[in-house]
2 protein chains.
Amino acid sequence: MERRVPTISDVARLAGVSTGTVSRVLNQRSGVRPETRERVLAVVERLGYVPMAAARELSGHTDKVGVLVSPRVWKYSPYFILLYESLSDSLWNENFKLEEIPFSPSGQPMAEARGYVVLGAHDHDPRLEQMVRQHPSTVLVGVQPGMFWVAPDDPGGAYRATEHLIKLGHREIAHLSAAGQVGRERFEGYRQALEDYRVPYRPELVFDGAFSTLPAYRAVRRAWEQGVRFSGLFAASDEMALGAVAALEDLHLRIPQDVSVVGFDDLPDLGRPLTTVRQEIPEIARTVVRLLKEAISRAPPRGVRVPVQLVVRDTTARKR
Amino acid sequence: MERRVPTISDVARLAGVSTGTVSRVLNQRSGVRPETRERVLAVVERLGYVPMAAARELSGHTDKVGVLVSPRVWKYSPYFILLYESLSDSLWNENFKLEEIPFSPSGQPMAEARGYVVLGAHDHDPRLEQMVRQHPSTVLVGVQPGMFWVAPDDPGGAYRATEHLIKLGHREIAHLSAAGQVGRERFEGYRQALEDYRVPYRPELVFDGAFSTLPAYRAVRRAWEQGVRFSGLFAASDEMALGAVAALEDLHLRIPQDVSVVGFDDLPDLGRPLTTVRQEIPEIARTVVRLLKEAISRAPPRGVRVPVQLVVRDTTARKR
DNA sequence: ATAAATTTTGTAAGCGATTACAAAGGGGGT
DNA sequence: ACCCCCTTTGTAATCGCTTACAAAATTTAT
């Protein structure tokens, strides 16, 4: 009953090779005959062997990567948690170990690490520049020319969300926006779609929802009560979309019959399935890791956009 | 500039003892002369030495402790995150290592661990019983006779919150409640205070806020709009209190002049400082660890209430 | 003072991985 | 066949810490 967790030696023994070879296979080092590799991998698979983190780290070959999280509230958002976990996994696969590092007011991370990932930085946080100067191996999640960055295709996603509504026949399309880089980019996508399809842009249809449920609810409800009308709404985040849905329902409107709502992010376990723009968080994480390795090897900085995808569920319908 | 992180050998060398002795001091093992202990601790302090987690774990002396988190949403609440982190720290100090374990549908944790901590379990989750039978070294955060459990003094805190409002002269005191064990206990405290102070209990003043901002907002606003009146409100969580504050403000009421609001939890970084009942999350974590050790040593199960404390800030005022 | 008992300390073997280095194996070229 | 070179594999040291055991120091008993 009491089965020991298999170690690298178990794998080696069963595969008829040495631990060194197993290690080389697992770390994709060159110089292992393909058939040996196969044999080892088969045993790994069979035993369900997973290298022990502590041992790997102790042997001195995992590098620390620090994550700097700017505003404290960010820490509590599902998006952040998902991204953090995903990042942690991806890094581990590349022999890095994620560690949360407090972003000191002076702008210097407290602990030394091989590289850094910055999440949720403010727009023109002066600390960013300093950070990059002092620690070139830094990757930002967000957009920032001159450094390594990774960001979802926010404008593209917003464009497709809006386009989706337009194609359903909607012409009065409201937008729940929010301050900051991300909010701005999603707004741009919205606006561009309107323009391309010759739907007039009306500033009074854009509300600030601060990326959270309650402010979104209040903004939508207030606007509607003041006579602002629309048959479609694109919220720059799922949480805001949820707030909007609640507000509209309180106003005795039906979703999607009276108003179609599109969100952004595709967070899991949301309670209500939303038509939304899905971000591939794991893919973002993998990209961060890829760039981080480039950064560490002193490649010239570049930015990458990760594609997003429209997921149509039942909060949108053809305009009646 | 490139200063190495000190190891146990550095400490040993500087203190003029062997690594074995340092280790014994650090792990509070007996059989170290007090003056030697002092000397070692001084060096530890001076170097800022912190044992390396990986090495400690590898040496086989840290036990895994699994945390089971029931509903997935829980994971995104600040309370959970705070508790999790606190728990992780406290466990580490006692040579345990926290690990999140998926609560499989069958009710059996997937991985083997020395002990388990269950967070946010449903009221009478049938899996709990099975859990305890199969893994006696389980501590629940919540109340459950027959097993080890730790819970904040919810009834007491709710009592004091309500009492505070009563003593400020309020007689119409609303309550934002929520389903589940915790919600019920806080409701009980509220009710008991009313009874003790001879304030009539009025069921129409109790709303369901589902422990979150938006539902709380909607409940409060709807009630007020339907003519329900109160000059004080005790919300069973800070988040709900925030929702209530927003609702009341939208109804053109001033806090605390028109309505006094009390929350529960004292979450940090809330945006608006609230009069609330503070939970000492670190203390809860420490208690969990203490009980966990008892559980592991097969002591008879018991439950512990951790005291809470009323923190008066500026969302409450004397009734006008 | 000496031996025995006890307390305190040092020594060294692991824990599970990685990796430098050495050794073995496999072709070609002659 | 023989030698050389390149690829593949094995060996063993290493990372930082804990701990069983041995050794030394101290106390107690006689």
# chains A, B, ... in the order shown; residues from 1 in each chain; ligands from 1
$ interface_residues --of "chain B" --to "chain A" --cutoff "12 Å" --atoms "only C-alpha atoms" --output "VMD selection string"
chain B and resid 1 to 5 52 to 62 71 to 82 85 97 100 111 to 113 212 to 219 221 to 222 239 to 240 242 to 247 249 to 251 267 to 271
$ closest_atom_pairs --of "chain C" --to "region 5-29 of chain D" --cutoff "8 Å" --atoms "only C-alpha atoms (C1' of nucleotides)" --output "Markdown table"
| residue | atom | partner | partner_atom | distance |
| --- | --- | --- | --- | --- |
| C:DA4 | C1' | D:DA29 | C1' | 7.8 |
| C:DA5 | C1' | D:DT28 | C1' | 7.4 |
| C:DT6 | C1' | D:DT27 | C1' | 7.2 |
| C:DT7 | C1' | D:DT26 | C1' | 7.1 |
| C:DT8 | C1' | D:DA25 | C1' | 7.1 |
| C:DT9 | C1' | D:DA24 | C1' | 7.3 |
| C:DG10 | C1' | D:DA23 | C1' | 7.4 |
| C:DT11 | C1' | D:DA22 | C1' | 7.9 |
| C:DA22 | C1' | D:DT11 | C1' | 7.9 |
| C:DA23 | C1' | D:DG10 | C1' | 7.6 |
| C:DA24 | C1' | D:DT9 | C1' | 7.5 |
| C:DG25 | C1' | D:DT8 | C1' | 7.5 |
$ interface_residues --of "chain B" --to "chain C" --cutoff "8 Å" --atoms "only C-alpha atoms (C1' of nucleotides)" --output "PyMOL selection string"
chain B and resi 17-18+20-21+31-33+58-60
$ residues_around --residues "Asp196 (chain A)" --least-positions-apart "4" --cutoff "12 Å" --atoms "only C-alpha atoms (C1' of nucleotides)" --output "PyMOL selection string"
chain A and resi 159-160+162-163+166+189-192+200-201
$ atom_distance --atom1 "CA of Val199 (chain B)" --atom2 "CA of Glu172 (chain B)"
8.2 Å
$ residues_around --residues "Leu165 (chain B)" --least-positions-apart "2" --cutoff "12 Å" --atoms "only C-alpha atoms (C1' of nucleotides)" --output "number ranges by chain"
B: 158-163, 167-175, 190, 193-194, 197, 199, 230-235, 256, 259-263, 275-276, 310, 312, 315-319
$ write_last_selection --atoms "C-alpha atoms" --output "mmCIF file, in the first residue's frame"
data_model
loop_
_atom_site.group_PDB
_atom_site.id
_atom_site.type_symbol
_atom_site.label_atom_id
_atom_site.label_comp_id
_atom_site.auth_asym_id
_atom_site.auth_seq_id
_atom_site.Cartn_x
_atom_site.Cartn_y
_atom_site.Cartn_z
ATOM 1 C CA ALA B 158 -20.821 39.635 15.201
ATOM 2 C CA TYR B 159 -22.123 40.256 18.684
ATOM 3 C CA ARG B 160 -19.620 42.987 19.338
ATOM 4 C CA ALA B 161 -20.223 44.595 15.964
ATOM 5 C CA THR B 162 -23.935 44.737 16.615
ATOM 6 C CA GLU B 163 -23.427 45.848 20.191
ATOM 7 C CA LYS B 167 -24.436 51.534 21.869
ATOM 8 C CA LEU B 168 -24.245 54.270 19.290
ATOM 9 C CA GLY B 169 -27.980 54.574 19.625
ATOM 10 C CA HIS B 170 -29.097 52.615 16.598
ATOM 11 C CA ARG B 171 -32.227 50.519 16.898
ATOM 12 C CA GLU B 172 -32.968 49.699 13.298
ATOM 13 C CA ILE B 173 -29.962 47.595 12.448
ATOM 14 C CA ALA B 174 -29.867 45.730 9.178
ATOM 15 C CA HIS B 175 -27.721 42.691 8.572
ATOM 16 C CA TYR B 190 -26.164 39.669 15.535
ATOM 17 C CA ALA B 193 -26.885 41.087 20.648
ATOM 18 C CA LEU B 194 -30.273 42.421 19.625
ATOM 19 C CA TYR B 197 -30.134 44.692 24.444
ATOM 20 C CA VAL B 199 -33.782 45.602 20.389
ATOM 21 C CA PHE B 230 -32.369 51.354 9.051
ATOM 22 C CA SER B 231 -29.727 53.592 10.541
ATOM 23 C CA GLY B 232 -27.122 50.903 11.131
ATOM 24 C CA LEU B 233 -25.938 47.928 9.112
ATOM 25 C CA PHE B 234 -23.743 45.042 10.064
ATOM 26 C CA ALA B 235 -22.348 43.166 7.101
ATOM 27 C CA PRO B 256 -21.752 57.434 8.673
ATOM 28 C CA VAL B 259 -26.230 55.091 8.091
ATOM 29 C CA SER B 260 -23.458 53.447 10.085
ATOM 30 C CA VAL B 261 -21.837 50.410 8.530
ATOM 31 C CA VAL B 262 -19.747 47.696 10.163
ATOM 32 C CA GLY B 263 -17.924 44.974 8.271
ATOM 33 C CA THR B 275 -15.294 49.949 11.047
ATOM 34 C CA THR B 276 -15.010 46.202 11.201
ATOM 35 C CA LEU B 310 -13.686 45.234 16.976
ATOM 36 C CA VAL B 312 -13.674 51.262 15.066
ATOM 37 C CA THR B 315 -18.038 54.276 8.900
ATOM 38 C CA THR B 316 -19.924 54.325 12.196
ATOM 39 C CA ALA B 317 -21.269 57.247 14.208
ATOM 40 C CA ARG B 318 -23.773 58.010 16.925
ATOM 41 C CA LYS B 319 -27.307 58.030 15.697
#
$ select_by_dssp --residues "region 89-146 of chain B" --states "strand (DSSP E or B)" --output "NGL selection string"
:B and (96-101 or 103 or 109 or 115-119 or 138-141)
$ write_last_selection --atoms "N, CA and C atoms" --output "PDB file, in the first residue's frame"
ATOM      1  N   PHE B  96       7.026  21.949   8.155  1.00  0.00           N
ATOM      2  CA  PHE B  96       6.059  21.358   7.252  1.00  0.00           C
ATOM      3  C   PHE B  96       6.057  22.175   5.974  1.00  0.00           C
ATOM      4  N   LYS B  97       5.580  21.563   4.954  1.00  0.00           N
ATOM      5  CA  LYS B  97       5.564  22.216   3.669  1.00  0.00           C
ATOM      6  C   LYS B  97       4.152  22.128   3.115  1.00  0.00           C
ATOM      7  N   LEU B  98       3.611  23.282   2.771  1.00  0.00           N
ATOM      8  CA  LEU B  98       2.232  23.316   2.317  1.00  0.00           C
ATOM      9  C   LEU B  98       2.133  22.957   0.847  1.00  0.00           C
ATOM     10  N   GLU B  99       1.105  22.231   0.531  1.00  0.00           N
ATOM     11  CA  GLU B  99       0.918  21.839  -0.858  1.00  0.00           C
ATOM     12  C   GLU B  99      -0.559  21.810  -1.170  1.00  0.00           C
ATOM     13  N   GLU B 100      -0.918  22.423  -2.249  1.00  0.00           N
ATOM     14  CA  GLU B 100      -2.333  22.434  -2.595  1.00  0.00           C
ATOM     15  C   GLU B 100      -2.701  21.101  -3.211  1.00  0.00           C
ATOM     16  N   ILE B 101      -3.766  20.528  -2.727  1.00  0.00           N
ATOM     17  CA  ILE B 101      -4.171  19.220  -3.215  1.00  0.00           C
ATOM     18  C   ILE B 101      -5.583  19.304  -3.745  1.00  0.00           C
ATOM     19  N   PHE B 103      -9.188  18.390  -4.356  1.00  0.00           N
ATOM     20  CA  PHE B 103     -10.152  17.576  -3.648  1.00  0.00           C
ATOM     21  C   PHE B 103     -10.883  16.775  -4.702  1.00  0.00           C
ATOM     22  N   PRO B 109      -8.192  12.763  -1.143  1.00  0.00           N
ATOM     23  CA  PRO B 109      -7.121  13.607  -1.672  1.00  0.00           C
ATOM     24  C   PRO B 109      -6.219  12.758  -2.551  1.00  0.00           C
ATOM     25  N   GLY B 115      -0.363  15.369   6.833  1.00  0.00           N
ATOM     26  CA  GLY B 115      -1.587  15.887   7.431  1.00  0.00           C
ATOM     27  C   GLY B 115      -2.329  16.718   6.411  1.00  0.00           C
ATOM     28  N   TYR B 116      -3.533  17.104   6.760  1.00  0.00           N
ATOM     29  CA  TYR B 116      -4.334  17.871   5.817  1.00  0.00           C
ATOM     30  C   TYR B 116      -5.013  19.044   6.490  1.00  0.00           C
ATOM     31  N   VAL B 117      -5.208  20.094   5.726  1.00  0.00           N
ATOM     32  CA  VAL B 117      -5.974  21.231   6.197  1.00  0.00           C
ATOM     33  C   VAL B 117      -7.093  21.452   5.187  1.00  0.00           C
ATOM     34  N   VAL B 118      -8.282  21.559   5.673  1.00  0.00           N
ATOM     35  CA  VAL B 118      -9.413  21.760   4.773  1.00  0.00           C
ATOM     36  C   VAL B 118      -9.931  23.182   4.915  1.00  0.00           C
ATOM     37  N   LEU B 119     -10.004  23.880   3.810  1.00  0.00           N
ATOM     38  CA  LEU B 119     -10.475  25.263   3.827  1.00  0.00           C
ATOM     39  C   LEU B 119     -11.788  25.392   3.067  1.00  0.00           C
ATOM     40  N   THR B 138      -6.336  15.560  10.159  1.00  0.00           N
ATOM     41  CA  THR B 138      -6.934  16.601   9.345  1.00  0.00           C
ATOM     42  C   THR B 138      -7.483  17.702  10.236  1.00  0.00           C
ATOM     43  N   VAL B 139      -7.196  18.934   9.855  1.00  0.00           N
ATOM     44  CA  VAL B 139      -7.733  20.062  10.606  1.00  0.00           C
ATOM     45  C   VAL B 139      -8.616  20.871   9.676  1.00  0.00           C
ATOM     46  N   LEU B 140      -9.784  21.209  10.172  1.00  0.00           N
ATOM     47  CA  LEU B 140     -10.723  21.974   9.367  1.00  0.00           C
ATOM     48  C   LEU B 140     -10.739  23.425   9.822  1.00  0.00           C
ATOM     49  N   VAL B 141     -10.754  24.325   8.875  1.00  0.00           N
ATOM     50  CA  VAL B 141     -10.996  25.711   9.242  1.00  0.00           C
ATOM     51  C   VAL B 141     -12.496  25.923   9.093  1.00  0.00           C
TER      52      VAL B 141
END
$ residues_around --residues "Leu292 (chain A)" --least-positions-apart "3" --cutoff "12 Å" --atoms "only C-alpha atoms (C1' of nucleotides)" --output "PyMOL selection string"
chain A and resi 63-67+87+90-91+94+96+114-118+135-141+147-150+285-289+295-304
$ atom_distance --atom1 "CA of Leu253 (chain B)" --atom2 "CA of Ala223 (chain B)"
14.0 Å
$ atom_distance --atom1 "CA of Val311 (chain A)" --atom2 "CA of Ile284 (chain A)"
17.9 Å
